[in-house]
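Colleague: Structure supplied as protein.pdb; contents: PDB, C-alpha atoms.
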```pdb
ATOM      1  CA  MET I  93       0.000   0.000   0.000
ATOM      2  CA  MET I  94       1.282   3.428  -0.849
ATOM      3  CA  ARG I  95       2.614   5.446   2.055
ATOM      4  CA  LYS I  96       0.162   8.339   1.676
ATOM      5  CA  THR I  97      -2.775   5.969   1.555
ATOM      6  CA  LEU I  98      -1.586   4.148   4.672
ATOM      7  CA  ARG I  99      -1.126   7.451   6.512
ATOM      8  CA  PHE I 100      -4.647   8.550   5.547
ATOM      9  CA  PHE I 101      -6.248   5.432   6.914
ATOM     10  CA  LEU I 102      -4.158   5.525  10.084
ATOM     11  CA  ILE I 103      -5.381   9.041  10.784
ATOM     12  CA  LEU I 104      -8.935   8.018   9.902
ATOM     13  CA  SER I 105      -8.692   5.069  12.279
ATOM     14  CA  VAL I 106      -7.638   7.339  15.142
ATOM     15  CA  THR I 107     -10.403   9.827  14.390
ATOM     16  CA  LEU I 108     -13.144   7.223  14.122
ATOM     17  CA  THR I 109     -11.915   4.971  16.900
ATOM     18  CA  SER I 110     -15.256   3.751  18.185
ATOM     19  CA  LEU I 111     -16.549   2.968  14.707
ATOM     20  CA  SER I 112     -13.571   1.424  12.948
ATOM     21  CA  LEU I 113     -12.024  -0.563  15.782
ATOM     22  CA  SER I 114     -14.974  -0.907  18.175
ATOM     23  CA  ALA I 115     -13.267   1.080  20.959
ATOM     24  CA  ARG I 116     -10.569  -1.523  21.530
ATOM     25  CA  THR I 117      -6.870  -1.819  20.935
ATOM     26  CA  PRO I 118      -6.344  -2.694  17.266
ATOM     27  CA  LYS I 119      -5.122  -6.256  16.769
ATOM     28  CA  VAL I 120      -1.796  -6.402  14.917
ATOM     29  CA  GLY I 121      -1.020  -9.519  12.921
ATOM     30  CA  LEU I 122       2.360 -10.571  11.559
ATOM     31  CA  VAL I 123       2.761 -12.689   8.404
ATOM     32  CA  LEU I 124       6.070 -14.517   8.000
ATOM     33  CA  GLY I 125       6.611 -16.145   4.632
ATOM     34  CA  GLY I 126       8.847 -19.082   3.804
ATOM     35  CA  GLY I 127      12.277 -18.878   2.233
ATOM     36  CA  GLY I 128      14.834 -21.097   3.960
ATOM     37  CA  ALA I 129      18.101 -19.290   4.636
ATOM     38  CA  LYS I 130      16.478 -16.014   3.554
ATOM     39  CA  GLY I 131      14.756 -16.088   6.920
ATOM     40  CA  ALA I 132      17.750 -14.066   8.090
ATOM     41  CA  ALA I 133      16.135 -11.075   6.359
ATOM     42  CA  THR I 134      12.912 -11.741   8.270
ATOM     43  CA  ILE I 135      14.780 -11.515  11.562
ATOM     44  CA  GLY I 136      16.362  -8.230  10.485
ATOM     45  CA  ALA I 137      12.952  -6.793   9.630
ATOM     46  CA  LEU I 138      11.479  -8.160  12.853
ATOM     47  CA  GLU I 139      14.110  -6.306  14.860
ATOM     48  CA  VAL I 140      13.019  -3.005  13.288
ATOM     49  CA  ILE I 141       9.361  -3.797  14.054
ATOM     50  CA  GLU I 142      10.241  -4.675  17.640
ATOM     51  CA  ASN I 143      12.327  -1.525  18.086
ATOM     52  CA  ALA I 144       9.342   0.517  16.926
ATOM     53  CA  GLY I 145       7.575  -0.701  20.061
ATOM     54  CA  ILE I 146       4.829  -2.543  18.216
ATOM     55  CA  LYS I 147       3.035  -5.276  20.131
ATOM     56  CA  ILE I 148       2.297  -8.280  17.927
ATOM     57  CA  ASP I 149      -0.979 -10.030  18.764
ATOM     58  CA  CYS I 150      -0.978 -12.904  16.286
ATOM     59  CA  ILE I 151       1.452 -14.575  13.889
ATOM     60  CA  ALA I 152       1.030 -16.941  10.962
ATOM     61  CA  GLY I 153       4.145 -18.452   9.452
ATOM     62  CA  THR I 154       5.168 -20.998   6.863
ATOM     63  CA  SER I 155       8.419 -22.968   6.717
ATOM     64  CA  ILE I 156      11.245 -20.797   8.098
ATOM     65  CA  GLY I 157       8.533 -18.244   8.876
ATOM     66  CA  ALA I 158       6.938 -20.856  11.137
ATOM     67  CA  VAL I 159      10.247 -21.463  12.927
ATOM     68  CA  ILE I 160      10.883 -17.752  13.481
ATOM     69  CA  GLY I 161       7.239 -17.050  14.318
ATOM     70  CA  GLY I 162       6.981 -19.951  16.744
ATOM     71  CA  LEU I 163      10.127 -18.940  18.599
ATOM     72  CA  TYR I 164       9.018 -15.293  18.721
ATOM     73  CA  ALA I 165       5.615 -16.352  20.045
ATOM     74  CA  ALA I 166       7.432 -18.410  22.688
ATOM     75  CA  GLY I 167       9.298 -15.339  23.935
ATOM     76  CA  TYR I 168      12.525 -15.104  21.936
ATOM     77  CA  SER I 169      13.409 -11.528  20.994
ATOM     78  CA  ALA I 170      14.584 -10.511  17.548
ATOM     79  CA  LYS I 171      18.097  -9.989  18.937
ATOM     80  CA  GLU I 172      18.104 -13.494  20.393
ATOM     81  CA  LEU I 173      16.910 -14.917  17.097
ATOM     82  CA  GLU I 174      19.644 -13.016  15.266
ATOM     83  CA  ALA I 175      22.337 -14.494  17.508
ATOM     84  CA  LEU I 176      20.810 -17.931  17.075
ATOM     85  CA  PHE I 177      20.588 -17.639  13.304
ATOM     86  CA  LEU I 178      24.213 -16.552  12.969
ATOM     87  CA  ASP I 179      25.515 -19.429  15.073
ATOM     88  CA  GLN I 180      27.216 -22.083  12.940
ATOM     89  CA  THR I 181      25.451 -24.850  14.847
ATOM     90  CA  TRP I 182      22.119 -23.352  13.824
ATOM     91  CA  GLN I 183      23.321 -23.123  10.238
ATOM     92  CA  ASP I 184      23.962 -26.857  10.284
ATOM     93  CA  ILE I 185      20.567 -27.528  11.851
ATOM     94  CA  LEU I 186      18.668 -25.574   9.212
ATOM     95  CA  GLN I 187      20.320 -27.744   6.593
ATOM     96  CA  GLY I 188      18.846 -30.849   8.184
ATOM     97  CA  HIS I 189      20.993 -31.821  11.150
ATOM     98  CA  ARG I 190      19.378 -32.383  14.563
ATOM     99  CA  VAL I 191      16.651 -29.846  13.875
ATOM    100  CA  GLU I 192      13.970 -31.608  15.914
ATOM    101  CA  ALA I 193      16.074 -31.793  19.081
ATOM    102  CA  LYS I 194      17.153 -28.155  18.730
ATOM    103  CA  LEU I 195      13.618 -26.807  18.330
ATOM    104  CA  LYS I 196      12.449 -28.881  21.276
ATOM    105  CA  SER I 197      15.297 -27.589  23.427
ATOM    106  CA  LEU I 198      14.675 -23.958  22.485
ATOM    107  CA  LEU I 199      10.990 -24.151  23.402
ATOM    108  CA  GLU I 200      11.664 -26.049  26.628
ATOM    109  CA  ALA I 201      14.021 -23.237  27.656
ATOM    110  CA  ARG I 202      10.999 -20.909  27.581
ATOM    111  CA  GLY I 203       8.678 -23.373  29.284
ATOM    112  CA  VAL I 204       6.640 -23.825  26.115
ATOM    113  CA  GLU I 205       5.280 -27.167  24.997
ATOM    114  CA  SER I 206       2.039 -26.280  23.217
ATOM    115  CA  PHE I 207       0.413 -23.500  21.216
ATOM    116  CA  ALA I 208      -1.506 -22.564  24.366
ATOM    117  CA  ASP I 209       1.716 -22.310  26.367
ATOM    118  CA  ALA I 210       3.135 -19.830  23.885
ATOM    119  CA  ARG I 211       0.031 -17.674  24.102
ATOM    120  CA  PHE I 212       0.213 -17.778  27.904
ATOM    121  CA  VAL I 213       3.867 -16.694  27.891
ATOM    122  CA  THR I 214       3.634 -13.820  25.394
ATOM    123  CA  GLY I 215      -0.044 -13.280  24.609
ATOM    124  CA  ILE I 216       0.656 -14.061  20.953
ATOM    125  CA  GLU I 217      -1.672 -16.361  19.053
ATOM    126  CA  PHE I 218       0.342 -18.482  16.636
ATOM    127  CA  ARG I 219      -0.467 -20.622  13.617
ATOM    128  CA  CYS I 220       1.790 -22.429  11.187
ATOM    129  CA  ILE I 221       1.107 -23.958   7.817
ATOM    130  CA  ALA I 222       1.897 -27.495   6.730
ATOM    131  CA  ALA I 223       0.602 -29.769   3.966
ATOM    132  CA  ASP I 224      -0.550 -33.358   3.751
ATOM    133  CA  GLU I 225       2.240 -35.524   2.345
ATOM    134  CA  ASN I 226       0.012 -37.290  -0.194
ATOM    135  CA  SER I 227      -2.551 -34.707  -1.277
ATOM    136  CA  PHE I 228      -0.521 -31.519  -0.691
ATOM    137  CA  GLU I 229      -3.676 -30.040   0.816
ATOM    138  CA  GLU I 230      -3.151 -27.291   3.364
ATOM    139  CA  VAL I 231      -3.108 -28.202   7.058
ATOM    140  CA  VAL I 232      -3.300 -25.276   9.491
ATOM    141  CA  LEU I 233      -1.715 -26.099  12.840
ATOM    142  CA  LYS I 234      -2.987 -23.869  15.648
ATOM    143  CA  SER I 235      -3.547 -25.972  18.761
ATOM    144  CA  GLY I 236      -2.201 -28.970  20.599
ATOM    145  CA  ALA I 237       1.284 -30.186  21.383
ATOM    146  CA  PRO I 238       4.141 -30.531  20.910
ATOM    147  CA  LEU I 239       4.623 -27.150  19.287
ATOM    148  CA  TYR I 240       8.117 -28.007  18.071
ATOM    149  CA  LYS I 241       6.657 -30.785  15.915
ATOM    150  CA  ALA I 242       4.185 -28.386  14.328
ATOM    151  CA  MET I 243       7.041 -26.013  13.494
ATOM    152  CA  LEU I 244       9.103 -28.913  12.186
ATOM    153  CA  ALA I 245       6.231 -30.057   9.966
ATOM    154  CA  SER I 246       5.908 -26.590   8.457
ATOM    155  CA  MET I 247       9.571 -26.591   7.388
ATOM    156  CA  SER I 248       9.868 -30.241   6.297
ATOM    157  CA  ILE I 249      10.710 -29.791   2.625
ATOM    158  CA  PRO I 250       9.714 -32.919   0.659
ATOM    159  CA  GLU I 251      12.649 -35.246  -0.017
ATOM    160  CA  VAL I 252      14.888 -33.144   2.252
ATOM    161  CA  PHE I 253      13.279 -33.790   5.640
ATOM    162  CA  GLU I 254      11.189 -36.733   6.760
ATOM    163  CA  PRO I 255       7.434 -36.025   6.854
ATOM    164  CA  VAL I 256       6.220 -35.289  10.376
ATOM    165  CA  ARG I 257       3.461 -37.351  11.923
ATOM    166  CA  TRP I 258       0.750 -35.139  13.438
ATOM    167  CA  ASN I 259      -2.272 -37.013  14.737
ATOM    168  CA  HIS I 260      -3.218 -39.295  11.824
ATOM    169  CA  GLN I 261      -1.451 -37.341   9.086
ATOM    170  CA  HIS I 262       2.053 -37.136   7.693
ATOM    171  CA  LEU I 263       2.923 -33.510   7.026
ATOM    172  CA  VAL I 264       5.437 -31.655   4.862
ATOM    173  CA  ASP I 265       6.434 -28.049   4.249
ATOM    174  CA  GLY I 266       3.413 -25.752   3.998
ATOM    175  CA  GLY I 267       5.161 -23.781   1.275
ATOM    176  CA  VAL I 268       3.856 -26.232  -1.310
ATOM    177  CA  ILE I 269       0.423 -24.628  -0.902
ATOM    178  CA  ASN I 270       0.565 -21.445   1.216
ATOM    179  CA  LEU I 271       3.980 -19.822   1.401
ATOM    180  CA  PHE I 272       2.723 -16.377   2.489
ATOM    181  CA  PRO I 273      -0.248 -16.950   4.850
ATOM    182  CA  VAL I 274      -1.927 -13.553   4.940
ATOM    183  CA  ASP I 275      -5.303 -15.306   4.951
ATOM    184  CA  GLN I 276      -4.564 -16.957   8.294
ATOM    185  CA  VAL I 277      -3.744 -13.661  10.019
ATOM    186  CA  ARG I 278      -6.932 -12.219   8.564
ATOM    187  CA  ASP I 279      -8.869 -15.166   9.973
ATOM    188  CA  MET I 280      -7.345 -14.492  13.399
ATOM    189  CA  GLY I 281      -9.074 -11.111  13.316
ATOM    190  CA  ALA I 282      -6.141  -8.794  12.681
ATOM    191  CA  ASP I 283      -7.094  -5.147  12.170
ATOM    192  CA  ILE I 284      -3.579  -4.290  11.006
ATOM    193  CA  ILE I 285      -1.227  -6.580   9.100
ATOM    194  CA  ILE I 286       2.550  -6.391   8.878
ATOM    195  CA  ALA I 287       3.809  -8.896   6.310
ATOM    196  CA  ILE I 288       7.362  -9.969   5.498
ATOM    197  CA  ASP I 289       7.639 -11.581   2.064
ATOM    198  CA  LEU I 290      10.901 -13.292   1.106
ATOM    199  CA  GLN I 291       9.944 -14.378  -2.405
ATOM    200  CA  GLN I 292      12.010 -12.966  -5.247
ATOM    201  CA  ALA I 293      11.135 -12.499  -8.907
ATOM    202  CA  LYS I 294      11.104 -15.725 -10.957
ATOM    203  CA  GLU I 295      11.944 -17.750  -7.882
ATOM    204  CA  VAL I 296      10.845 -21.383  -7.576
ATOM    205  CA  ALA I 297       9.187 -22.026  -4.222
ATOM    206  CA  LEU I 298      11.214 -24.018  -1.679
ATOM    207  CA  GLY I 299      14.392 -23.674  -3.739
ATOM    208  CA  ILE I 300      13.890 -27.074  -5.402
ATOM    209  CA  SER I 301      15.096 -27.329  -8.978
ATOM    210  CA  THR I 302      12.856 -28.426 -11.854
ATOM    211  CA  LYS I 303      14.994 -31.526 -12.326
ATOM    212  CA  GLU I 304      14.503 -32.531  -8.699
ATOM    213  CA  LEU I 305      10.781 -31.881  -8.866
ATOM    214  CA  LEU I 306      10.286 -34.025 -11.934
ATOM    215  CA  GLY I 307      12.217 -36.791 -10.231
ATOM    216  CA  ILE I 308       9.806 -36.966  -7.306
ATOM    217  CA  GLY I 309       6.566 -38.683  -8.297
ATOM    218  CA  GLY I 310       4.368 -36.975  -5.717
ATOM    219  CA  LEU I 311       5.490 -33.509  -6.786
ATOM    220  CA  ILE I 312       4.807 -33.772 -10.520
ATOM    221  CA  ASN I 313       1.175 -32.698 -10.221
ATOM    222  CA  TRP I 314       2.172 -29.929  -7.857
ATOM    223  CA  TYR I 315       4.694 -28.587 -10.340
ATOM    224  CA  THR I 316       2.140 -28.756 -13.154
ATOM    225  CA  LEU I 317      -0.616 -26.956 -11.248
ATOM    226  CA  ARG I 318       1.466 -24.775  -8.891
ATOM    227  CA  PRO I 319      -1.387 -24.081  -6.438
ATOM    228  CA  ASP I 320       1.091 -22.212  -4.250
ATOM    229  CA  LEU I 321       1.400 -19.439  -6.843
ATOM    230  CA  ASP I 322      -2.377 -18.932  -7.003
ATOM    231  CA  ARG I 323      -2.584 -18.737  -3.215
ATOM    232  CA  TYR I 324       0.353 -16.354  -3.106
ATOM    233  CA  LYS I 325      -1.413 -13.968  -5.503
ATOM    234  CA  GLN I 326      -4.641 -14.254  -3.523
ATOM    235  CA  ASN I 327      -2.814 -13.373  -0.332
ATOM    236  CA  LEU I 328      -1.219 -10.329  -1.922
ATOM    237  CA  ARG I 329      -4.687  -9.159  -2.957
ATOM    238  CA  THR I 330      -5.972  -9.743   0.565
ATOM    239  CA  LEU I 331      -3.128  -7.669   1.957
ATOM    240  CA  ASN I 332      -3.800  -4.857  -0.492
ATOM    241  CA  ASN I 333      -7.443  -4.774   0.554
ATOM    242  CA  TYR I 334      -6.508  -3.982   4.146
ATOM    243  CA  ASP I 335      -6.930  -0.359   5.203
ATOM    244  CA  ILE I 336      -3.829  -0.563   7.369
ATOM    245  CA  SER I 337      -1.009  -2.824   6.225
ATOM    246  CA  VAL I 338       2.757  -2.774   5.827
ATOM    247  CA  TYR I 339       4.303  -4.984   3.155
ATOM    248  CA  ILE I 340       8.020  -5.556   3.736
ATOM    249  CA  HIS I 341       9.597  -7.211   0.720
ATOM    250  CA  PRO I 342      13.411  -7.271   0.994
ATOM    251  CA  SER I 343      15.366  -7.427  -2.239
ATOM    252  CA  LEU I 344      17.826 -10.301  -1.853
ATOM    253  CA  PRO I 345      19.800 -10.446  -5.102
ATOM    254  CA  GLY I 346      21.939 -13.518  -5.447
ATOM    255  CA  TYR I 347      20.453 -15.251  -2.407
ATOM    256  CA  ASN I 348      18.084 -18.206  -2.265
ATOM    257  CA  ALA I 349      16.640 -20.686   0.216
ATOM    258  CA  ALA I 350      19.960 -22.547   0.370
ATOM    259  CA  SER I 351      22.176 -19.480   0.951
ATOM    260  CA  PHE I 352      23.465 -20.633   4.315
ATOM    261  CA  GLY I 353      26.627 -19.411   5.965
ATOM    262  CA  CYS I 354      27.215 -16.734   8.577
ATOM    263  CA  GLU I 355      28.515 -14.115   6.150
ATOM    264  CA  LYS I 356      25.551 -14.516   3.791
ATOM    265  CA  CYS I 357      23.055 -14.483   6.638
ATOM    266  CA  GLN I 358      24.656 -11.388   8.125
ATOM    267  CA  ARG I 359      24.211  -9.617   4.817
ATOM    268  CA  MET I 360      20.580 -10.739   4.513
ATOM    269  CA  LEU I 361      19.908  -9.557   8.064
ATOM    270  CA  HIS I 362      21.172  -6.143   7.031
ATOM    271  CA  LEU I 363      18.994  -6.142   3.902
ATOM    272  CA  GLY I 364      15.954  -7.121   5.943
ATOM    273  CA  LYS I 365      16.547  -4.262   8.361
ATOM    274  CA  GLY I 366      16.935  -1.829   5.486
ATOM    275  CA  ALA I 367      13.680  -2.950   3.881
ATOM    276  CA  ALA I 368      11.769  -2.534   7.148
ATOM    277  CA  LYS I 369      13.291   0.874   7.900
ATOM    278  CA  GLN I 370      11.669   2.202   4.740
ATOM    279  CA  PHE I 371       8.421   1.960   6.732
ATOM    280  CA  LYS I 372       9.659   3.569   9.936
ATOM    281  CA  HIS I 373       6.997   6.288   9.798
ATOM    282  CA  GLU I 374       4.206   3.788   9.213
ATOM    283  CA  LEU I 375       5.492   1.560  12.006
ATOM    284  CA  ARG I 376       5.659   4.514  14.371
ATOM    285  CA  GLU I 377       2.078   5.429  13.514
ATOM    286  CA  ILE I 378       0.924   1.878  14.166
ATOM    287  CA  HIS I 379       2.678   2.039  17.534
ATOM    288  CA  ASP I 380       1.014   5.380  18.294
ATOM    289  CA  LEU I 381      -2.356   3.940  17.295
ATOM    290  CA  GLN I 382      -1.879   1.079  19.755
ATOM    291  CA  GLN I 383      -1.095   3.614  22.475
ATOM    292  CA  GLN I 384      -4.441   5.374  21.958
ATOM    293  CA  TYR I 385      -6.171   2.628  23.926
TER     294      TYR I 385
END
```
Could you show the structure in this file as structure tokens?
Modeller:
Amino acid sequence: MMRKTLRFFLILSVTLTSLSLSARTPKVGLVLGGGGAKGAATIGALEVIENAGIKIDCIAGTSIGAVIGGLYAAGYSAKELEALFLDQTWQDILQGHRVEAKLKSLLEARGVESFADARFVTGIEFRCIAADENSFEEVVLKSGAPLYKAMLASMSIPEVFEPVRWNHQHLVDGGVINLFPVDQVRDMGADIIIAIDLQQAKEVALGISTKELLGIGGLINWYTLRPDLDRYKQNLRTLNNYDISVYIHPSLPGYNAASFGCEKCQRMLHLGKGAAKQFKHELREIHDLQQQY
């Protein structure tokens, strides 16, 4: 949304408080898209949002967005996530080594086992997106335990990670159907949406090559139909229809979902911060709007 338009609606929202927001604190939702190693840019942007003093009420994340969102909902600050993301051990984990044990340990350190625990600790409602291994239909995870398994399911790229058993289903990375879950934050009742989109022009979702896709029987139909692209466009339209929204879309030239390494992640963190700082006035106004109540 254009800056002038956003400013107009922010002012209108303050003026017509009782009508537009029913005399209550506006609910701020955060959308965290998938993107593997590019999640470093998300953490950079999140630090700017946090420094603006904005209270996040609900988060929906997919893949690395689910990992970052789940940890933030459990009480990890953006600075803590930055230190974690730049640690070489974490770099190894994100490439498939001991990820389950690490996520479990991180949540246990905050006393969080379930979705409900996270909400109790921080007040943040959290959802993450996965997909059924066989049908690739969307599965929205928003309750129950253990939370680390829900986060793991959301990032379990087919043929890279093992599918995660959740109740009676086997789940894989939600990016195959809903990589940028604006619709879920809308469904949680957000009045204001801040969205961080890591997708780059002409980028193939999940960073899987065409050759690899065609070599995996279950993914052939997905590649032919690409339902994730339709949902992505729908979610962009949903975001644009919001009166108050901030769309942070870092430009990450030369980086992709597999761009691991401390130096690369440090650079993407910087790019994420720069992209978010372009909206410093809008973020300040959202903060001021929250303070009206």
Colleague: Name the residues captured by the PyMOL selection byres ((chain I and resi 353) around 8) when it is applied to the shown file; answer as an MDAnalysis selection string.
Modeller: chainID I and resid 178 180 183 351:352 354:357
Colleague: Which one of I:Ala193, I:Val123, I:Ile340, I:Ile160 sits closest to Met247 (chain I) if you count all atoms listed in the file?
Modeller: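 Looking at the shortest contact to Met247 (chain I), the residue is I:Ile160.
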Colleague: Evaluate the PyMOL selection byres ((chain I and resi 124) around 9) and record the selected residues as a VMD selection string, following the chain and residue labels used in the document.
Modeller: chain I and resid 122 to 123 125 to 126 131 134 151 to 158 160 to 161 271 to 274 286 to 290
Colleague: The PyMOL selection byres ((chain I and resi 207) around 10) - which residues does that actually catch in the file I just gave you? List them as an MDAnalysis selection string.
Modeller: chainID I and resid 162 165:166 204:206 208:212 216:219 233:240 242
Colleague: Restricting the calculation to only C-alpha atoms, which member of I:Asp275, I:Phe371, I:Gly203, I:Ser248 is positioned closest to Asn327 (chain I)?
Modeller: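 Ranking I:Asp275, I:Phe371, I:Gly203, I:Ser248 by distance to Asn327 (chain I), first place goes to I:Asp275.
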Colleague: Using all atoms listed in the file, which of the listed residues (I:Ala223, I:Val338, I:Ile285, I:Met243) sits closest to Leu263 (chain I)?
Modeller: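 Checking each of I:Ala223, I:Val338, I:Ile285, I:Met243 against Leu263 (chain I), counting all atoms listed in the file, the winner is I:Ala223.
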Colleague: Excluding Ala137 (chain I) and any residue of its chain fewer than 4 positions from it, enumerate the residues within 7 Å of it, using all atoms listed in the file, and give them as a ChimeraX atom specification.
Modeller: /I:133,141,364-365,367-368
